[in-house]
$ cat protein06.tsv   # TSV, N, CA and C atoms
chain	number	residue	atom	x	y	z
A	144	MET	N	26.82	-5.43	6.05
A	144	MET	CA	26.06	-5.21	4.84
A	144	MET	C	24.78	-6.05	4.89
A	145	PRO	N	23.62	-5.44	4.58
A	145	PRO	CA	22.38	-6.19	4.66
A	145	PRO	C	22.31	-7.27	3.58
A	146	SER	N	21.67	-8.37	3.94
A	146	SER	CA	21.54	-9.46	2.98
A	146	SER	C	20.50	-9.11	1.93
A	147	LYS	N	20.57	-9.82	0.80
A	147	LYS	CA	19.63	-9.59	-0.30
A	147	LYS	C	18.20	-9.87	0.14
A	148	ASN	N	18.02	-10.86	1.03
A	148	ASN	CA	16.69	-11.20	1.53
A	148	ASN	C	16.11	-10.05	2.36
A	149	ASN	N	16.94	-9.42	3.20
A	149	ASN	CA	16.49	-8.27	4.00
A	149	ASN	C	16.10	-7.10	3.11
A	150	ILE	N	16.87	-6.89	2.05
A	150	ILE	CA	16.58	-5.79	1.13
A	150	ILE	C	15.24	-6.03	0.44
A	151	SER	N	14.98	-7.24	-0.02
A	151	SER	CA	13.71	-7.53	-0.69
A	151	SER	C	12.54	-7.45	0.30
A	152	GLN	N	12.77	-7.83	1.56
A	152	GLN	CA	11.72	-7.69	2.57
A	152	GLN	C	11.43	-6.22	2.84
A	153	ASN	N	12.46	-5.40	2.89
A	153	ASN	CA	12.30	-3.96	3.10
A	153	ASN	C	11.52	-3.34	1.94
A	154	LYS	N	11.86	-3.72	0.73
A	154	LYS	CA	11.15	-3.20	-0.45
A	154	LYS	C	9.68	-3.61	-0.40
A	155	ARG	N	9.43	-4.86	-0.08
A	155	ARG	CA	8.05	-5.36	0.01
A	155	ARG	C	7.27	-4.62	1.09
A	156	TYR	N	7.90	-4.43	2.24
A	156	TYR	CA	7.26	-3.72	3.35
A	156	TYR	C	6.93	-2.28	2.94
A	157	PHE	N	7.90	-1.59	2.35
A	157	PHE	CA	7.70	-0.19	1.96
A	157	PHE	C	6.62	-0.09	0.88
A	158	GLN	N	6.62	-1.02	-0.07
A	158	GLN	CA	5.61	-1.01	-1.13
A	158	GLN	C	4.22	-1.27	-0.54
A	159	ASN	N	4.12	-2.16	0.43
A	159	ASN	CA	2.84	-2.41	1.10
A	159	ASN	C	2.35	-1.16	1.83
A	160	GLN	N	3.27	-0.44	2.46
A	160	GLN	CA	2.89	0.80	3.14
A	160	GLN	C	2.36	1.83	2.14
A	161	ILE	N	3.02	1.94	1.01
A	161	ILE	CA	2.56	2.87	-0.02
A	161	ILE	C	1.19	2.45	-0.54
A	162	ASP	N	0.99	1.16	-0.78
A	162	ASP	CA	-0.30	0.67	-1.25
A	162	ASP	C	-1.40	0.95	-0.22
A	163	ASN	N	-1.13	0.69	1.05
A	163	ASN	CA	-2.12	0.95	2.10
A	163	ASN	C	-2.46	2.44	2.19
A	164	TRP	N	-1.43	3.27	2.17
A	164	TRP	CA	-1.64	4.71	2.28
A	164	TRP	C	-2.35	5.23	1.04
A	165	THR	N	-2.05	4.68	-0.13
A	165	THR	CA	-2.75	5.06	-1.36
A	165	THR	C	-4.25	4.78	-1.24
A	166	ASN	N	-4.59	3.62	-0.68
A	166	ASN	CA	-6.00	3.27	-0.50
A	166	ASN	C	-6.69	4.24	0.45
A	167	ILE	N	-6.02	4.61	1.53
A	167	ILE	CA	-6.60	5.56	2.49
A	167	ILE	C	-6.79	6.92	1.84
A	168	ILE	N	-5.79	7.36	1.09
A	168	ILE	CA	-5.90	8.65	0.40
A	168	ILE	C	-7.04	8.62	-0.61
A	169	THR	N	-7.13	7.55	-1.38
A	169	THR	CA	-8.17	7.42	-2.40
A	169	THR	C	-9.57	7.43	-1.77
A	170	GLN	N	-9.72	6.82	-0.61
A	170	GLN	CA	-11.02	6.79	0.07
A	170	GLN	C	-11.42	8.16	0.57
A	171	ASN	N	-10.46	8.96	0.98
A	171	ASN	CA	-10.77	10.25	1.60
A	171	ASN	C	-10.67	11.44	0.66
A	172	LEU	N	-9.79	11.38	-0.30
A	172	LEU	CA	-9.65	12.45	-1.30
A	172	LEU	C	-10.13	11.88	-2.64
A	173	THR	N	-11.42	11.77	-2.76
A	173	THR	CA	-12.05	11.07	-3.87
A	173	THR	C	-11.85	11.75	-5.22
A	174	ASN	N	-11.42	13.00	-5.23
A	174	ASN	CA	-11.22	13.70	-6.50
A	174	ASN	C	-9.86	13.41	-7.13
A	175	LEU	N	-8.98	12.71	-6.42
A	175	LEU	CA	-7.67	12.38	-6.97
A	175	LEU	C	-7.75	11.17	-7.88
A	176	THR	N	-6.94	11.19	-8.93
A	176	THR	CA	-6.81	10.00	-9.77
A	176	THR	C	-5.91	9.01	-9.03
A	177	LYS	N	-5.91	7.78	-9.45
A	177	LYS	CA	-5.06	6.76	-8.82
A	177	LYS	C	-3.58	7.14	-8.89
A	178	PRO	N	-3.06	7.58	-10.06
A	178	PRO	CA	-1.65	7.98	-10.09
A	178	PRO	C	-1.34	9.15	-9.16
A	179	GLN	N	-2.25	10.11	-9.04
A	179	GLN	CA	-2.04	11.23	-8.13
A	179	GLN	C	-1.99	10.73	-6.68
A	180	ALA	N	-2.88	9.82	-6.33
A	180	ALA	CA	-2.89	9.27	-4.97
A	180	ALA	C	-1.62	8.48	-4.68
A	181	VAL	N	-1.12	7.74	-5.67
A	181	VAL	CA	0.11	6.96	-5.48
A	181	VAL	C	1.29	7.89	-5.22
A	182	VAL	N	1.43	8.94	-6.03
A	182	VAL	CA	2.57	9.85	-5.85
A	182	VAL	C	2.43	10.61	-4.53
A	183	LEU	N	1.22	11.01	-4.16
A	183	LEU	CA	1.01	11.68	-2.88
A	183	LEU	C	1.39	10.75	-1.72
A	184	ALA	N	1.02	9.47	-1.84
A	184	ALA	CA	1.39	8.48	-0.82
A	184	ALA	C	2.91	8.32	-0.75
A	185	MET	N	3.54	8.25	-1.91
A	185	MET	CA	5.00	8.10	-1.95
A	185	MET	C	5.69	9.30	-1.31
A	186	ILE	N	5.23	10.49	-1.65
A	186	ILE	CA	5.85	11.70	-1.11
A	186	ILE	C	5.66	11.77	0.40
A	187	SER	N	4.44	11.53	0.87
A	187	SER	CA	4.18	11.66	2.30
A	187	SER	C	4.92	10.59	3.11
A	188	LEU	N	4.93	9.35	2.63
A	188	LEU	CA	5.68	8.31	3.35
A	188	LEU	C	7.19	8.53	3.22
A	189	GLY	N	7.62	9.06	2.08
A	189	GLY	CA	9.03	9.40	1.91
A	189	GLY	C	9.47	10.46	2.90
A	190	MET	N	8.59	11.43	3.17
A	190	MET	CA	8.90	12.47	4.16
A	190	MET	C	9.09	11.85	5.54
A	191	ILE	N	8.22	10.93	5.89
A	191	ILE	CA	8.31	10.28	7.20
A	191	ILE	C	9.58	9.45	7.29
A	192	ALA	N	9.84	8.65	6.26
A	192	ALA	CA	11.01	7.76	6.28
A	192	ALA	C	12.32	8.55	6.25
A	193	ALA	N	12.34	9.62	5.47
A	193	ALA	CA	13.56	10.43	5.36
A	193	ALA	C	13.69	11.43	6.51
A	194	GLN	N	12.62	11.63	7.25
A	194	GLN	CA	12.55	12.63	8.31
A	194	GLN	C	12.94	14.00	7.78
A	195	SER	N	12.42	14.28	6.58
A	195	SER	CA	12.74	15.53	5.90
A	195	SER	C	11.65	15.80	4.87
A	196	CYS	N	11.45	17.08	4.56
A	196	CYS	CA	10.53	17.41	3.48
A	196	CYS	C	11.27	17.87	2.24
A	197	ALA	N	12.60	17.73	2.24
A	197	ALA	CA	13.40	18.08	1.07
A	197	ALA	C	13.21	17.03	-0.01
A	198	LEU	N	12.93	17.47	-1.21
A	198	LEU	CA	12.66	16.55	-2.31
A	198	LEU	C	13.83	15.61	-2.57
A	199	SER	N	15.05	16.09	-2.43
A	199	SER	CA	16.21	15.23	-2.66
A	199	SER	C	16.29	14.13	-1.60
A	200	ALA	N	15.99	14.46	-0.35
A	200	ALA	CA	16.01	13.45	0.72
A	200	ALA	C	14.89	12.43	0.53
A	201	ILE	N	13.70	12.92	0.18
A	201	ILE	CA	12.57	12.02	-0.07
A	201	ILE	C	12.89	11.08	-1.22
A	202	SER	N	13.40	11.64	-2.31
A	202	SER	CA	13.72	10.84	-3.49
A	202	SER	C	14.79	9.81	-3.19
A	203	ALA	N	15.79	10.19	-2.42
A	203	ALA	CA	16.86	9.26	-2.06
A	203	ALA	C	16.30	8.10	-1.23
A	204	LYS	N	15.46	8.42	-0.26
A	204	LYS	CA	14.89	7.37	0.59
A	204	LYS	C	13.98	6.44	-0.22
A	205	LEU	N	13.16	7.01	-1.09
A	205	LEU	CA	12.28	6.19	-1.93
A	205	LEU	C	13.10	5.33	-2.89
A	206	ALA	N	14.14	5.89	-3.46
A	206	ALA	CA	14.98	5.15	-4.40
A	206	ALA	C	15.61	3.94	-3.73
A	207	VAL	N	16.13	4.14	-2.54
A	207	VAL	CA	16.77	3.04	-1.80
A	207	VAL	C	15.72	2.03	-1.36
A	208	SER	N	14.62	2.50	-0.81
A	208	SER	CA	13.60	1.60	-0.26
A	208	SER	C	12.85	0.81	-1.31
A	209	LEU	N	12.62	1.43	-2.47
A	209	LEU	CA	11.83	0.77	-3.52
A	209	LEU	C	12.68	0.21	-4.65
A	210	LYS	N	13.99	0.40	-4.56
A	210	LYS	CA	14.91	-0.05	-5.61
A	210	LYS	C	14.53	0.55	-6.96
A	211	ILE	N	14.35	1.86	-6.96
A	211	ILE	CA	14.03	2.63	-8.16
A	211	ILE	C	15.19	3.60	-8.36
A	212	LYS	N	15.51	3.90	-9.61
A	212	LYS	CA	16.58	4.86	-9.88
A	212	LYS	C	16.21	6.22	-9.28
A	213	TYR	N	17.19	6.82	-8.64
A	213	TYR	CA	16.99	8.11	-7.96
A	213	TYR	C	16.42	9.15	-8.91
A	214	ASN	N	16.99	9.30	-10.09
A	214	ASN	CA	16.53	10.34	-11.02
A	214	ASN	C	15.09	10.10	-11.47
A	215	ASN	N	14.70	8.84	-11.61
A	215	ASN	CA	13.32	8.53	-12.01
A	215	ASN	C	12.33	8.96	-10.93
A	216	ILE	N	12.62	8.62	-9.70
A	216	ILE	CA	11.69	8.95	-8.61
A	216	ILE	C	11.71	10.44	-8.34
A	217	ARG	N	12.85	11.08	-8.46
A	217	ARG	CA	12.93	12.53	-8.26
A	217	ARG	C	12.09	13.26	-9.30
A	218	GLN	N	12.20	12.85	-10.56
A	218	GLN	CA	11.43	13.50	-11.62
A	218	GLN	C	9.93	13.27	-11.41
A	219	ARG	N	9.57	12.08	-11.01
A	219	ARG	CA	8.15	11.77	-10.79
A	219	ARG	C	7.56	12.62	-9.66
A	220	THR	N	8.30	12.76	-8.58
A	220	THR	CA	7.81	13.56	-7.46
A	220	THR	C	7.83	15.06	-7.80
A	221	ARG	N	8.83	15.49	-8.57
A	221	ARG	CA	8.88	16.91	-8.98
A	221	ARG	C	7.70	17.26	-9.87
A	222	GLU	N	7.43	16.41	-10.84
A	222	GLU	CA	6.37	16.70	-11.80
A	222	GLU	C	4.98	16.68	-11.17
A	223	PHE	N	4.86	16.05	-10.02
A	223	PHE	CA	3.58	16.05	-9.31
A	223	PHE	C	3.15	17.48	-9.00
A	224	CYS	N	4.12	18.35	-8.78
A	224	CYS	CA	3.85	19.74	-8.43
A	224	CYS	C	3.75	20.66	-9.64
A	225	TYR	N	4.06	20.16	-10.82
A	225	TYR	CA	4.05	20.99	-12.03
A	225	TYR	C	2.64	21.12	-12.61
A	226	ASP	N	2.45	22.18	-13.40
A	226	ASP	CA	1.24	22.28	-14.22
A	226	ASP	C	1.28	21.17	-15.26
A	227	SER	N	0.12	20.73	-15.72
A	227	SER	CA	0.07	19.61	-16.66
A	227	SER	C	0.84	19.93	-17.95
A	228	LYS	N	0.82	21.17	-18.40
A	228	LYS	CA	1.50	21.53	-19.64
A	228	LYS	C	3.02	21.51	-19.49
A	229	ASP	N	3.52	21.57	-18.26
A	229	ASP	CA	4.96	21.61	-18.01
A	229	ASP	C	5.57	20.25	-17.73
A	230	ARG	N	4.79	19.20	-17.78
A	230	ARG	CA	5.31	17.87	-17.50
A	230	ARG	C	5.98	17.29	-18.73
A	231	LYS	N	7.00	16.46	-18.49
A	231	LYS	CA	7.76	15.88	-19.58
A	231	LYS	C	7.09	14.61	-20.08
A	232	GLY	N	7.62	14.11	-21.19
A	232	GLY	CA	7.14	12.87	-21.75
A	232	GLY	C	6.03	13.10	-22.76
A	233	THR	N	5.71	12.06	-23.46
A	233	THR	CA	4.66	12.16	-24.47
A	233	THR	C	3.36	11.65	-23.90
A	234	LYS	N	2.29	12.25	-24.40
A	234	LYS	CA	0.96	11.81	-23.97
A	234	LYS	C	0.58	10.57	-24.78
A	235	LYS	N	-0.06	9.64	-24.12
A	235	LYS	CA	-0.59	8.48	-24.83
A	235	LYS	C	-1.81	8.91	-25.62
A	236	LYS	N	-2.10	8.20	-26.65
A	236	LYS	CA	-3.24	8.55	-27.50
A	236	LYS	C	-4.52	8.55	-26.68
A	237	GLY	N	-5.21	9.68	-26.70
A	237	GLY	CA	-6.48	9.80	-26.01
A	237	GLY	C	-6.37	10.08	-24.52
A	238	VAL	N	-5.16	10.09	-23.96
A	238	VAL	CA	-4.97	10.33	-22.53
A	238	VAL	C	-4.41	11.73	-22.35
A	239	LYS	N	-5.12	12.54	-21.58
A	239	LYS	CA	-4.66	13.90	-21.31
A	239	LYS	C	-3.99	13.93	-19.95
A	240	ARG	N	-2.98	14.77	-19.84
A	240	ARG	CA	-2.33	14.95	-18.54
A	240	ARG	C	-3.29	15.69	-17.63
A	241	THR	N	-3.39	15.22	-16.40
A	241	THR	CA	-4.28	15.86	-15.45
A	241	THR	C	-3.48	16.75	-14.52
A	242	GLN	N	-4.13	17.76	-14.05
A	242	GLN	CA	-3.51	18.69	-13.12
A	242	GLN	C	-4.34	18.69	-11.85
A	243	LEU	N	-3.67	18.64	-10.74
A	243	LEU	CA	-4.36	18.63	-9.46
A	243	LEU	C	-4.74	20.04	-9.07
A	244	ASP	N	-6.03	20.28	-8.89
A	244	ASP	CA	-6.51	21.56	-8.41
A	244	ASP	C	-6.63	21.45	-6.89
A	245	VAL	N	-5.71	22.07	-6.20
A	245	VAL	CA	-5.63	21.95	-4.75
A	245	VAL	C	-6.91	22.42	-4.07
A	246	GLN	N	-7.56	23.43	-4.63
A	246	GLN	CA	-8.79	23.95	-4.02
A	246	GLN	C	-9.87	22.88	-3.94
A	247	THR	N	-9.91	21.97	-4.90
A	247	THR	CA	-10.93	20.92	-4.86
A	247	THR	C	-10.65	19.89	-3.76
A	248	CYS	N	-9.40	19.82	-3.32
A	248	CYS	CA	-9.03	18.88	-2.26
A	248	CYS	C	-9.31	19.43	-0.87
A	249	PHE	N	-9.40	20.73	-0.75
A	249	PHE	CA	-9.44	21.34	0.58
A	249	PHE	C	-10.64	20.88	1.40
A	250	GLN	N	-11.84	20.90	0.83
A	250	GLN	CA	-13.02	20.49	1.58
A	250	GLN	C	-12.92	19.03	1.99
A	251	LEU	N	-12.47	18.18	1.08
A	251	LEU	CA	-12.34	16.76	1.41
A	251	LEU	C	-11.28	16.54	2.49
A	252	LEU	N	-10.20	17.29	2.43
A	252	LEU	CA	-9.16	17.18	3.44
A	252	LEU	C	-9.66	17.62	4.81
A	253	ILE	N	-10.40	18.70	4.86
A	253	ILE	CA	-10.97	19.17	6.13
A	253	ILE	C	-11.95	18.14	6.69
A	254	GLN	N	-12.79	17.58	5.83
A	254	GLN	CA	-13.74	16.54	6.27
A	254	GLN	C	-12.99	15.34	6.84
A	255	TRP	N	-11.91	14.96	6.19
A	255	TRP	CA	-11.10	13.83	6.64
A	255	TRP	C	-10.50	14.13	8.01
A	256	ILE	N	-9.93	15.30	8.17
A	256	ILE	CA	-9.33	15.69	9.45
A	256	ILE	C	-10.38	15.72	10.56
A	257	ILE	N	-11.54	16.29	10.27
A	257	ILE	CA	-12.61	16.36	11.28
A	257	ILE	C	-13.08	14.96	11.66
A	258	SER	N	-13.21	14.07	10.69
A	258	SER	CA	-13.64	12.70	11.01
A	258	SER	C	-12.62	12.00	11.91
A	259	LEU	N	-11.33	12.23	11.64
A	259	LEU	CA	-10.29	11.65	12.51
A	259	LEU	C	-10.35	12.25	13.90
A	260	TRP	N	-10.54	13.56	13.97
A	260	TRP	CA	-10.62	14.25	15.24
A	260	TRP	C	-11.83	13.77	16.04
A	261	GLN	N	-12.99	13.64	15.35
A	261	GLN	CA	-14.20	13.19	16.04
A	261	GLN	C	-14.05	11.76	16.54
A	262	SER	N	-13.44	10.89	15.76
A	262	SER	CA	-13.26	9.51	16.22
A	262	SER	C	-12.30	9.47	17.42
A	263	LYS	N	-11.32	10.34	17.44
A	263	LYS	CA	-10.41	10.43	18.58
A	263	LYS	C	-11.16	10.93	19.82
A	264	GLN	N	-12.04	11.94	19.63
A	264	GLN	CA	-12.82	12.47	20.75
A	264	GLN	C	-13.77	11.42	21.30
A	265	ILE	N	-14.37	10.63	20.42
A	265	ILE	CA	-15.27	9.56	20.86
A	265	ILE	C	-14.48	8.52	21.66
A	266	ALA	N	-13.29	8.16	21.17
A	266	ALA	CA	-12.46	7.18	21.88
A	266	ALA	C	-12.05	7.72	23.25
A	267	LEU	N	-11.71	8.99	23.32
A	267	LEU	CA	-11.34	9.59	24.60
A	267	LEU	C	-12.53	9.60	25.57
A	268	ALA	N	-13.72	9.91	25.04
A	268	ALA	CA	-14.93	9.92	25.88
A	268	ALA	C	-15.23	8.52	26.41
A	269	LEU	N	-15.07	7.51	25.56
A	269	LEU	CA	-15.31	6.14	26.01
A	269	LEU	C	-14.30	5.72	27.06
A	270	ASP	N	-13.05	6.11	26.88
A	270	ASP	CA	-12.03	5.81	27.88
A	270	ASP	C	-12.34	6.48	29.21
A	271	ALA	N	-12.86	7.70	29.17
A	271	ALA	CA	-13.19	8.45	30.39
A	271	ALA	C	-14.34	7.79	31.15
A	272	THR	N	-15.29	7.19	30.45
A	272	THR	CA	-16.43	6.57	31.12
A	272	THR	C	-16.06	5.26	31.80
A	273	THR	N	-14.96	4.64	31.37
A	273	THR	CA	-14.55	3.38	31.97
A	273	THR	C	-13.69	3.59	33.21
A	274	LEU	N	-13.31	4.84	33.48
A	274	LEU	CA	-12.46	5.10	34.65
A	274	LEU	C	-13.23	5.08	35.91

$ encode --input "protein06.tsv" --output "structure tokens"
Amino acid sequence: MPSKNNISQNKRYFQNQIDNWTNIITQNLTNLTKPQAVVLAMISLGMIAAQSCALSAISAKLAVSLKIKYNNIRQRTREFCYDSKDRKGTKKKGVKRTQLDVQTCFQLLIQWIISLWQSKQIALALDATTL
């Protein structure tokens, strides 16, 4: 059985990974709100950690890794995909629920992918010149 210290280190490590990935997402998908970027980071890292794209597997892995109740994290990740009018809970005064328009992300996502591809091509070209 893992010690309490190992569990807290795992939680800290996983939370740091989510924070780092959230920052990268926010820098590249500038149209996302901070909460949207956080949930997207959680879902994508949860997929990697769970080695599955099933919402139940992602939620289980996130719940264990972050010490969050399974039902809470499952609902949060599920509602990320819902229309704003279909989300549960009450709205805070003056705060409207936002809905992610995937079409607005597409151009930014393509630009991000191309920049990664170009930096990889530059690195490969530099490696080839040193041979």

$ atom_distance --input "protein06.tsv" --atom1 "atom N of A:Leu259" --atom2 "atom CA of A:Ala184"
18.2 Å

$ atom_distance --input "protein06.tsv" --atom1 "atom CA of A:Thr220" --atom2 "atom C of A:Ser258"
28.2 Å

$ select_by_dssp --input "protein06.tsv" --residues "stretch 154-257 of chain A" --states "alpha helix (DSSP H)" --output "PyMOL selection string"
chain A and resi 154-171+177-193+198-209+213-223+245-257

$ closest_residue --input "protein06.tsv" --among "A:Ala193, A:Gln246, A:Lys154, A:Asp162" --to "A:Lys210" --atoms "only N, CA and C atoms"
A:Lys154

$ closest_residue --input "protein06.tsv" --among "A:Ile257, A:Gly189, A:Val181, A:Tyr156" --to "A:Ile168" --atoms "all atoms listed in the file"
A:Val181
